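> Sharing a structure, written as structure tokens. Questions coming.
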Amino acid sequence: MSEERFVTQITPKSEDFSRWYIDLIRRAELADYAPMKGMMVIRPYGYAIWENIQKLLDRRIKATGHVNAYFPVFIPESFLRKEMEHLKGFAPEVAWVTHGGDDELEERLAVRPTSEAIIGFMYSKWIKSWRDLPVLINQWANVVRWEKVTRPFLRTTEFLWQEGHTAHETYEEAQEETIRILEMYREFVETELAIPVIHGRKTDREKFAGALATYAIEALMSDGKALQMGTSHNLGQHFAQVFNIRFEDRHQNLQYVWQTSWGVSTRLIGALVMSHGDDSGLVFPPQVAPIQIIIVPISVGNWKETVLPVAKELKDSLERAGLRVFLDDRTEYTPGWKFSEWEMRGVPLRLEIGPRDVKNNQVIAVRRENKDKIALDLTGIEQKVKELLAEIQKAIYEKALAFQKENTREVSTYEEFKSLIEDKRGFIKAFWCGAEECEAKIKEETMATIRVIPMDQEKGQKGRCLYCQKEAETVAVFARSY
RNA sequence: CGGGGAGUGGCGCAGCCUGGUUAGCGCGCCUGCCUUGGGAGCAGGAGGUCGUCGGUUCAAAUCCGAUCUCCCCGACCA
């Protein structure tokens, strides 16, 4: 029954990818449109994923010495204006508060598009000595950017994220932090979200407004387009100079601090959908799945007396083992209906239990990602289920990795590049001379951009620039992107 | 922001061109019976100021204008 489609309200992925994406998000109740342009409601089933992401990432943020705090949602216009390069980057998408009640404000307030400015201001008050450094603060918050084109999770007017903001004594320390976080994001996304990424530096054209350098993790969605999943910026002393964040160093010299900032957002949820989902619906990796195990009792005969008590006991014991379990004992739906429904919602493992299974002291386990069925003995099932979930997590990652590898290609000629980007998309590795002009022309002619310049470049490699044919030493990864 | 398409019970649509009593259909929902190992069946039932505002008309889902929202393709964008 592998090719049968039980869920008919969702456009098949192969037919229309973006329609599939939107249908799925709404049908699976991850999110729904709000009545204001570009805004959405993250529904409980979707928010549960965010909570799992928060929990798993926050743990890592704290483990690397950071602490959480919260800064204001409003930022005075003059603060943003202090840093023109930064403001220019954001100006078109800033939402402004002009009135408090009926009274016009003396100064407009920006609804934060990001918090460098307000945090920079506060840091200037808090940091006086090298003994105050480093400052390692993270905040979980919402931000607003008035985007023209919006899509649920991928780009919405308001979104949730975490933003880390650190201040250091030296450039080297700040750079180390920038890379440490990039690596933390890479490990987090690959381990917990089961999405393989490439990581590297952004070109000047693509970097954060006001940063010295921006690094990013990028993943390939299953339609062959790239999605930026997290960024880490070395801000240098730019904001320190603007907001006068100075400290007296170990040799009694007054110096500007070196800063970083970094973030990931609810876009990660969109990435989960687009990386792992299939024609039957969502596929969630167990680590972040809102429900890891769905128990479906097979309702035949006097199942309420025979099957249901065993199912309840199974649920309790799995919950005691620390698993997220839901027992679907609704009588108004048939087992078959429930199978399809929970597959659509991406639950990684289904346990079916009927009278025959009760008799045999077993359950039928069905994996979401490959639909394999196996019988599991009820005795000691907690351990077996945990192992199975770990296997599923790994299998989902391996599948995505295989896809990424298949769709990462190297080219040497521009003709080859153009035809690949048109038919197959995916990541394309090619030499680039470093000129912004070549980058711009390629984008104009093919809609592909440089996603990152990978960290792991071979030393001393030489080739010719994809566009201008001049000698080049840098390989860049190109793709069409979201 | 430019070009194109679309808004009709919860969802998917028909009706609109050519205005005319009661706005249909499928799915879903409710009640009952019967069923339940891959989205069961039968019977009965509820639910819509046709996105919103205004105009034309004796009469507007239908014609005209404005506006909001969504989708697609571009431009823009950490």
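Order determines the names: the first chain of the structure tokens is A, the second B, and so forth; residues in each chain are numbered 1 upward, and ligands are numbered 1 upward as they are shown.
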Which chain A residues have any atom within 9 Å of an atom of chain B, and for each, what is the nearest pair of atoms with distance in Å to one decimal, counting only C-alpha atoms (C1' of nucleotides), rows sorted by chain and number, as a tab-separated table?


```
residue	atom	partner	partner_atom	distance
A:Met1	CA	B:G38	C1'	8.7
A:Phe6	CA	B:G39	C1'	6.2
A:Val7	CA	B:G39	C1'	7.3
A:Gln9	CA	B:G12	C1'	8.2
A:Arg19	CA	B:C71	C1'	8.5
A:Tyr33	CA	B:C70	C1'	9.0
A:Pro35	CA	B:U69	C1'	6.7
A:Met36	CA	B:U69	C1'	7.3
A:Lys37	CA	B:U69	C1'	6.7
A:Gly89	CA	B:C77	C1'	8.8
A:Phe90	CA	B:C77	C1'	8.8
A:Glu93	CA	B:C77	C1'	8.5
A:Glu147	CA	B:C77	C1'	7.4
A:Lys148	CA	B:C76	C1'	7.8
A:Glu206	CA	B:A78	C1'	7.2
A:Lys207	CA	B:A78	C1'	6.3
A:Phe208	CA	B:A78	C1'	4.9
A:Ala209	CA	B:A78	C1'	7.5
A:Thr214	CA	B:A78	C1'	8.5
A:Thr231	CA	B:A78	C1'	7.5
A:Ile298	CA	B:G37	C1'	6.5
A:Ser299	CA	B:U36	C1'	5.5
A:Val300	CA	B:U36	C1'	5.6
A:Gly301	CA	B:U36	C1'	8.5
A:Tyr333	CA	B:U36	C1'	8.4
A:Thr334	CA	B:U36	C1'	5.5
A:Pro335	CA	B:U36	C1'	6.8
A:Gly336	CA	B:G38	C1'	4.4
A:Trp337	CA	B:G39	C1'	3.9
A:Lys338	CA	B:G39	C1'	7.5
A:Phe339	CA	B:G38	C1'	6.8
A:Ser340	CA	B:G39	C1'	6.4
A:Glu341	CA	B:G39	C1'	7.9
A:Glu352	CA	B:G37	C1'	8.6
A:Ile353	CA	B:G37	C1'	8.9
A:Gly354	CA	B:G37	C1'	7.3
```

> With DSSP run on the backbone, what are the strand (DSSP E) residues within region 346-477 of chain A? I'd like them as a PyMOL selection string.

chain A and resi 349-353+362-367+373-377+408-410+427-432+449-454+463-464+471-472+474-477

> Would you save the residues from that selection as a JSON list (two decimals), in the first residue's frame, using C-alpha atoms?


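Written output follows (again.json):
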```
[["chain", "number", "residue", "atom", "x", "y", "z"],
["A", 349, "LEU", "CA", 5.71, 5.99, 15.58],
["A", 350, "ARG", "CA", 2.28, 4.39, 15.71],
["A", 351, "LEU", "CA", 1.40, 1.51, 18.01],
["A", 352, "GLU", "CA", -1.66, -0.46, 16.98],
["A", 353, "ILE", "CA", -3.20, -2.70, 19.56],
["A", 362, "GLN", "CA", 2.25, -7.54, 21.70],
["A", 363, "VAL", "CA", 1.57, -4.41, 19.65],
["A", 364, "ILE", "CA", 2.09, -3.62, 16.00],
["A", 365, "ALA", "CA", 4.54, -0.76, 15.55],
["A", 366, "VAL", "CA", 4.50, 1.27, 12.34],
["A", 367, "ARG", "CA", 7.23, 3.76, 11.49],
["A", 373, "LYS", "CA", 5.47, -2.66, 10.41],
["A", 374, "ILE", "CA", 6.87, -4.84, 13.14],
["A", 375, "ALA", "CA", 5.40, -6.65, 16.15],
["A", 376, "LEU", "CA", 6.76, -5.61, 19.55],
["A", 377, "ASP", "CA", 6.45, -7.61, 22.72],
["A", 408, "THR", "CA", 24.86, 19.04, -4.48],
["A", 409, "ARG", "CA", 26.77, 19.34, -7.71],
["A", 410, "GLU", "CA", 29.99, 20.88, -8.90],
["A", 427, "PHE", "CA", 23.23, 23.30, -4.27],
["A", 428, "ILE", "CA", 25.83, 24.05, -6.89],
["A", 429, "LYS", "CA", 29.48, 24.45, -5.99],
["A", 430, "ALA", "CA", 31.58, 26.61, -8.25],
["A", 431, "PHE", "CA", 34.62, 28.83, -8.16],
["A", 432, "TRP", "CA", 33.94, 32.50, -7.59],
["A", 449, "THR", "CA", 22.53, 33.46, -5.05],
["A", 450, "ILE", "CA", 25.62, 32.52, -3.12],
["A", 451, "ARG", "CA", 24.24, 30.83, -0.05],
["A", 452, "VAL", "CA", 27.55, 30.47, 1.71],
["A", 453, "ILE", "CA", 31.25, 30.25, 1.16],
["A", 454, "PRO", "CA", 31.82, 26.94, 2.95],
["A", 463, "GLY", "CA", 40.00, 27.47, -10.65],
["A", 464, "ARG", "CA", 38.21, 29.95, -12.84],
["A", 471, "GLU", "CA", 41.44, 33.05, -11.67],
["A", 472, "ALA", "CA", 39.69, 32.21, -8.39],
["A", 474, "THR", "CA", 37.25, 30.35, -3.49],
["A", 475, "VAL", "CA", 34.46, 27.85, -3.96],
["A", 476, "ALA", "CA", 30.99, 29.20, -3.28],
["A", 477, "VAL", "CA", 27.72, 27.31, -2.90]]
```

> Which residues are close to Val41 (chain A), i.e. within 8 Å by only C-alpha atoms (C1' of nucleotides), leaving aside same-chain residues fewer than 4 positions away? Reply as a PyMOL selection string.

chain A and resi 31-34

> Write a file of the selected residues as a PDB file, in the first residue's frame, keeping N, CA, C and O atoms.


```pdb
ATOM      1  N   ALA A  31      -0.575  25.877  11.915  1.00  0.00           N
ATOM      2  CA  ALA A  31      -0.818  27.320  11.934  1.00  0.00           C
ATOM      3  C   ALA A  31      -2.030  27.646  11.088  1.00  0.00           C
ATOM      4  O   ALA A  31      -2.472  26.838  10.280  1.00  0.00           O
ATOM      5  N   ASP A  32      -2.556  28.837  11.281  1.00  0.00           N
ATOM      6  CA  ASP A  32      -3.668  29.313  10.464  1.00  0.00           C
ATOM      7  C   ASP A  32      -3.447  30.794  10.183  1.00  0.00           C
ATOM      8  O   ASP A  32      -2.751  31.479  10.934  1.00  0.00           O
ATOM      9  N   TYR A  33      -4.016  31.269   9.110  1.00  0.00           N
ATOM     10  CA  TYR A  33      -3.888  32.676   8.781  1.00  0.00           C
ATOM     11  C   TYR A  33      -4.668  33.535   9.758  1.00  0.00           C
ATOM     12  O   TYR A  33      -5.797  33.220  10.106  1.00  0.00           O
ATOM     13  N   ALA A  34      -4.063  34.640  10.162  1.00  0.00           N
ATOM     14  CA  ALA A  34      -4.768  35.655  10.931  1.00  0.00           C
ATOM     15  C   ALA A  34      -5.342  36.641   9.914  1.00  0.00           C
ATOM     16  O   ALA A  34      -4.911  36.664   8.759  1.00  0.00           O
TER      17      ALA A  34
END
```

> Using only C-alpha atoms (C1' of nucleotides), determine which residues lie at most 12 Å from C64 (chain B), disregarding the query and same-chain residues fewer than 6 positions distant; provide the list as a list of chain:residue names.

B:G54, B:G55, B:U56, B:U57

> Quick one: distance from CA of Lys315 (chain A) to CA of Ala48 (chain A) in Å, one decimal?

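Interatomic distance, CA of Lys315 (chain A) to CA of Ala48 (chain A): 19.4 Å.
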
> Which residues are near G44 (chain B)? Cut-off 12 Å, only C-alpha atoms (C1' of nucleotides), ignore same chain within fewer than 2 positions. Put them as a PDB file with C-alpha atoms (C1' of nucleotides), in the first residue's frame.


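Printed below is result.pdb as written:
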```pdb
ATOM      1  C1'   C B  30     -25.031  16.749  14.853  1.00  0.00           C
ATOM      2  C1'   U B  31     -28.791  12.552  16.268  1.00  0.00           C
ATOM      3  C1'   G B  32     -29.993   7.365  15.936  1.00  0.00           C
ATOM      4  C1'   C B  33     -28.984   2.437  14.330  1.00  0.00           C
ATOM      5  C1'   C B  42     -28.088   3.540   6.277  1.00  0.00           C
ATOM      6  C1'   A B  46     -28.290  21.579  11.762  1.00  0.00           C
TER       7        A B  46
END
```

> When you draw a straight line from CA of Val144 (chain A) to CA of Thr156 (chain A), how long is it in Å?

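If I compute the distance from CA of Val144 (chain A) to CA of Thr156 (chain A), I get 8.3 Å.
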
> Could you state the separation of CA of Pro44 (chain A) and CA of Phe71 (chain A) in Å, given to one decimal place?

25.9 Å

> Name the residues of region 370-450 of chain A that fall into alpha helix (DSSP H) according to DSSP on the backbone, using the chain letters and numbers of this document, as a ChimeraX atom specification.

/A:381-406,414-423,436-446

> Keeping only C-alpha atoms, write those residues as an mmCIF file, in the first residue's frame.


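That gives us result-v2.cif:
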```cif
data_model
loop_
_atom_site.group_PDB
_atom_site.id
_atom_site.type_symbol
_atom_site.label_atom_id
_atom_site.label_comp_id
_atom_site.auth_asym_id
_atom_site.auth_seq_id
_atom_site.Cartn_x
_atom_site.Cartn_y
_atom_site.Cartn_z
ATOM 1 C CA ILE A 381 8.457 -2.230 25.421
ATOM 2 C CA GLU A 382 9.655 1.121 26.810
ATOM 3 C CA GLN A 383 13.249 0.362 25.983
ATOM 4 C CA LYS A 384 12.450 -1.035 22.545
ATOM 5 C CA VAL A 385 10.343 1.973 21.660
ATOM 6 C CA LYS A 386 13.126 4.314 22.693
ATOM 7 C CA GLU A 387 15.556 2.444 20.491
ATOM 8 C CA LEU A 388 13.091 2.523 17.641
ATOM 9 C CA LEU A 389 12.612 6.271 17.990
ATOM 10 C CA ALA A 390 16.356 6.780 17.942
ATOM 11 C CA GLU A 391 16.528 4.692 14.786
ATOM 12 C CA ILE A 392 13.766 6.726 13.190
ATOM 13 C CA GLN A 393 15.518 9.966 14.093
ATOM 14 C CA LYS A 394 18.651 8.672 12.414
ATOM 15 C CA ALA A 395 16.811 7.349 9.369
ATOM 16 C CA ILE A 396 15.103 10.682 8.782
ATOM 17 C CA TYR A 397 18.445 12.442 8.934
ATOM 18 C CA GLU A 398 20.108 9.915 6.642
ATOM 19 C CA LYS A 399 17.356 10.285 4.093
ATOM 20 C CA ALA A 400 17.698 14.057 4.099
ATOM 21 C CA LEU A 401 21.471 13.755 3.903
ATOM 22 C CA ALA A 402 21.253 11.430 0.918
ATOM 23 C CA PHE A 403 18.968 13.948 -0.768
ATOM 24 C CA GLN A 404 21.367 16.770 -0.048
ATOM 25 C CA LYS A 405 24.303 14.804 -1.438
ATOM 26 C CA GLU A 406 22.407 13.829 -4.566
ATOM 27 C CA TYR A 414 28.338 28.847 -16.654
ATOM 28 C CA GLU A 415 26.249 27.009 -19.280
ATOM 29 C CA GLU A 416 26.221 23.894 -17.165
ATOM 30 C CA PHE A 417 25.339 26.009 -14.150
ATOM 31 C CA LYS A 418 22.380 27.657 -15.846
ATOM 32 C CA SER A 419 20.871 24.415 -17.045
ATOM 33 C CA LEU A 420 21.308 22.740 -13.660
ATOM 34 C CA ILE A 421 19.775 25.615 -11.733
ATOM 35 C CA GLU A 422 16.851 25.543 -14.119
ATOM 36 C CA ASP A 423 16.101 21.779 -14.194
ATOM 37 C CA GLU A 436 30.307 41.477 -6.164
ATOM 38 C CA GLU A 437 29.613 42.238 -9.795
ATOM 39 C CA CYS A 438 29.854 38.581 -10.813
ATOM 40 C CA GLU A 439 27.633 37.601 -7.910
ATOM 41 C CA ALA A 440 25.051 40.195 -8.933
ATOM 42 C CA LYS A 441 25.069 39.188 -12.591
ATOM 43 C CA ILE A 442 24.597 35.534 -11.725
ATOM 44 C CA LYS A 443 21.643 36.413 -9.557
ATOM 45 C CA GLU A 444 20.128 38.594 -12.243
ATOM 46 C CA GLU A 445 20.497 35.979 -14.938
ATOM 47 C CA THR A 446 19.676 32.792 -13.011
#
```

> Give me the residues within 10 Å of His168 (chain A) as JSON, numbers by chain, counting only C-alpha atoms (C1' of nucleotides) and dropping any in the same chain fewer than 2 places off.

{"A": [130, 132, 133, 134, 135, 136, 166, 170, 171, 172, 173, 174, 175, 177, 236, 237, 256, 257, 258, 259, 260]}

> Of the candidates B:G20, B:G74, B:G28, B:G9, which one gets nearest to A59 (chain B) if we count only C-alpha atoms (C1' of nucleotides)?

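Checking each of B:G20, B:G74, B:G28, B:G9 against A59 (chain B), counting only C-alpha atoms (C1' of nucleotides), the winner is B:G20.
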
> Any idea what's packed within 8 Å of Ile127 (chain A), counting only C-alpha atoms (C1' of nucleotides), ignoring anything in its chain fewer than 2 positions away? Could you give it as a VMD selection string?

chain A and resid 123 to 125 129 132 to 133 245 to 247

> Store the residues of this selection in a file with all heavy atoms, as a compact mmCIF listing (two decimals), in the first residue's frame.


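As a result, part_3.txt now contains:
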```
# COMPACT_ATOMS: atom_id res chain seq x y z
N TYR A 123 24.13 47.96 27.00
CA TYR A 123 25.49 47.47 27.26
C TYR A 123 26.44 48.63 27.60
O TYR A 123 27.35 48.48 28.40
CB TYR A 123 26.03 46.67 26.06
CG TYR A 123 25.52 45.24 25.98
CD1 TYR A 123 24.52 44.77 26.83
CD2 TYR A 123 26.06 44.33 25.07
CE1 TYR A 123 24.06 43.47 26.75
CE2 TYR A 123 25.61 43.02 24.98
CZ TYR A 123 24.60 42.59 25.82
OH TYR A 123 24.15 41.29 25.74
N SER A 124 26.21 49.78 26.96
CA SER A 124 27.09 50.93 27.23
C SER A 124 26.97 51.36 28.69
O SER A 124 27.90 51.92 29.26
CB SER A 124 26.77 52.09 26.29
OG SER A 124 25.54 52.70 26.65
N LYS A 125 25.82 51.09 29.28
CA LYS A 125 25.65 51.45 30.69
C LYS A 125 26.24 50.39 31.62
O LYS A 125 26.65 50.69 32.73
CB LYS A 125 24.16 51.62 31.02
CG LYS A 125 23.54 52.80 30.28
CD LYS A 125 22.03 52.84 30.36
CE LYS A 125 21.50 52.80 31.77
NZ LYS A 125 20.08 53.25 31.81
N SER A 129 34.51 47.80 32.62
CA SER A 129 35.84 47.25 32.82
C SER A 129 35.98 45.91 32.11
O SER A 129 34.97 45.26 31.80
CB SER A 129 36.04 47.05 34.33
OG SER A 129 36.82 45.91 34.60
N ASP A 132 34.04 43.12 33.43
CA ASP A 132 32.62 42.94 33.10
C ASP A 132 32.43 42.02 31.89
O ASP A 132 31.30 41.67 31.55
CB ASP A 132 31.97 44.30 32.78
CG ASP A 132 31.97 45.23 33.98
OD1 ASP A 132 31.84 44.74 35.11
OD2 ASP A 132 32.12 46.45 33.77
N LEU A 133 33.52 41.70 31.24
CA LEU A 133 33.43 40.94 29.99
C LEU A 133 33.84 39.48 30.19
O LEU A 133 34.61 39.20 31.08
CB LEU A 133 34.33 41.60 28.93
CG LEU A 133 33.89 43.02 28.55
CD1 LEU A 133 34.93 43.66 27.65
CD2 LEU A 133 32.53 43.02 27.87
N ILE A 245 30.14 51.77 23.68
CA ILE A 245 30.29 50.68 24.65
C ILE A 245 31.79 50.50 24.86
O ILE A 245 32.48 49.85 24.06
CB ILE A 245 29.68 49.37 24.14
CG1 ILE A 245 28.29 49.63 23.55
CG2 ILE A 245 29.61 48.35 25.28
CD1 ILE A 245 27.68 48.43 22.84
N ARG A 246 32.31 51.15 25.92
CA ARG A 246 33.76 51.13 26.14
C ARG A 246 34.09 50.53 27.49
O ARG A 246 33.30 50.61 28.43
CB ARG A 246 34.31 52.55 26.06
CG ARG A 246 34.25 53.10 24.64
CD ARG A 246 35.07 54.34 24.50
NE ARG A 246 34.52 55.42 25.30
CZ ARG A 246 35.07 56.65 25.36
NH1 ARG A 246 36.20 56.91 24.71
NH2 ARG A 246 34.51 57.59 26.09
N PHE A 247 35.27 49.95 27.55
CA PHE A 247 35.73 49.38 28.81
C PHE A 247 37.22 49.68 28.99
O PHE A 247 37.93 49.92 28.01
CB PHE A 247 35.49 47.87 28.84
CG PHE A 247 36.37 47.10 27.88
CD1 PHE A 247 37.49 46.42 28.35
CD2 PHE A 247 36.09 47.06 26.52
CE1 PHE A 247 38.30 45.70 27.47
CE2 PHE A 247 36.89 46.35 25.64
CZ PHE A 247 38.01 45.66 26.11
```

> For Leu308 (chain A), which of A:Met122, A:Val273, A:Val358, A:Ala141 is the closest residue, counting only C-alpha atoms?

A:Val358
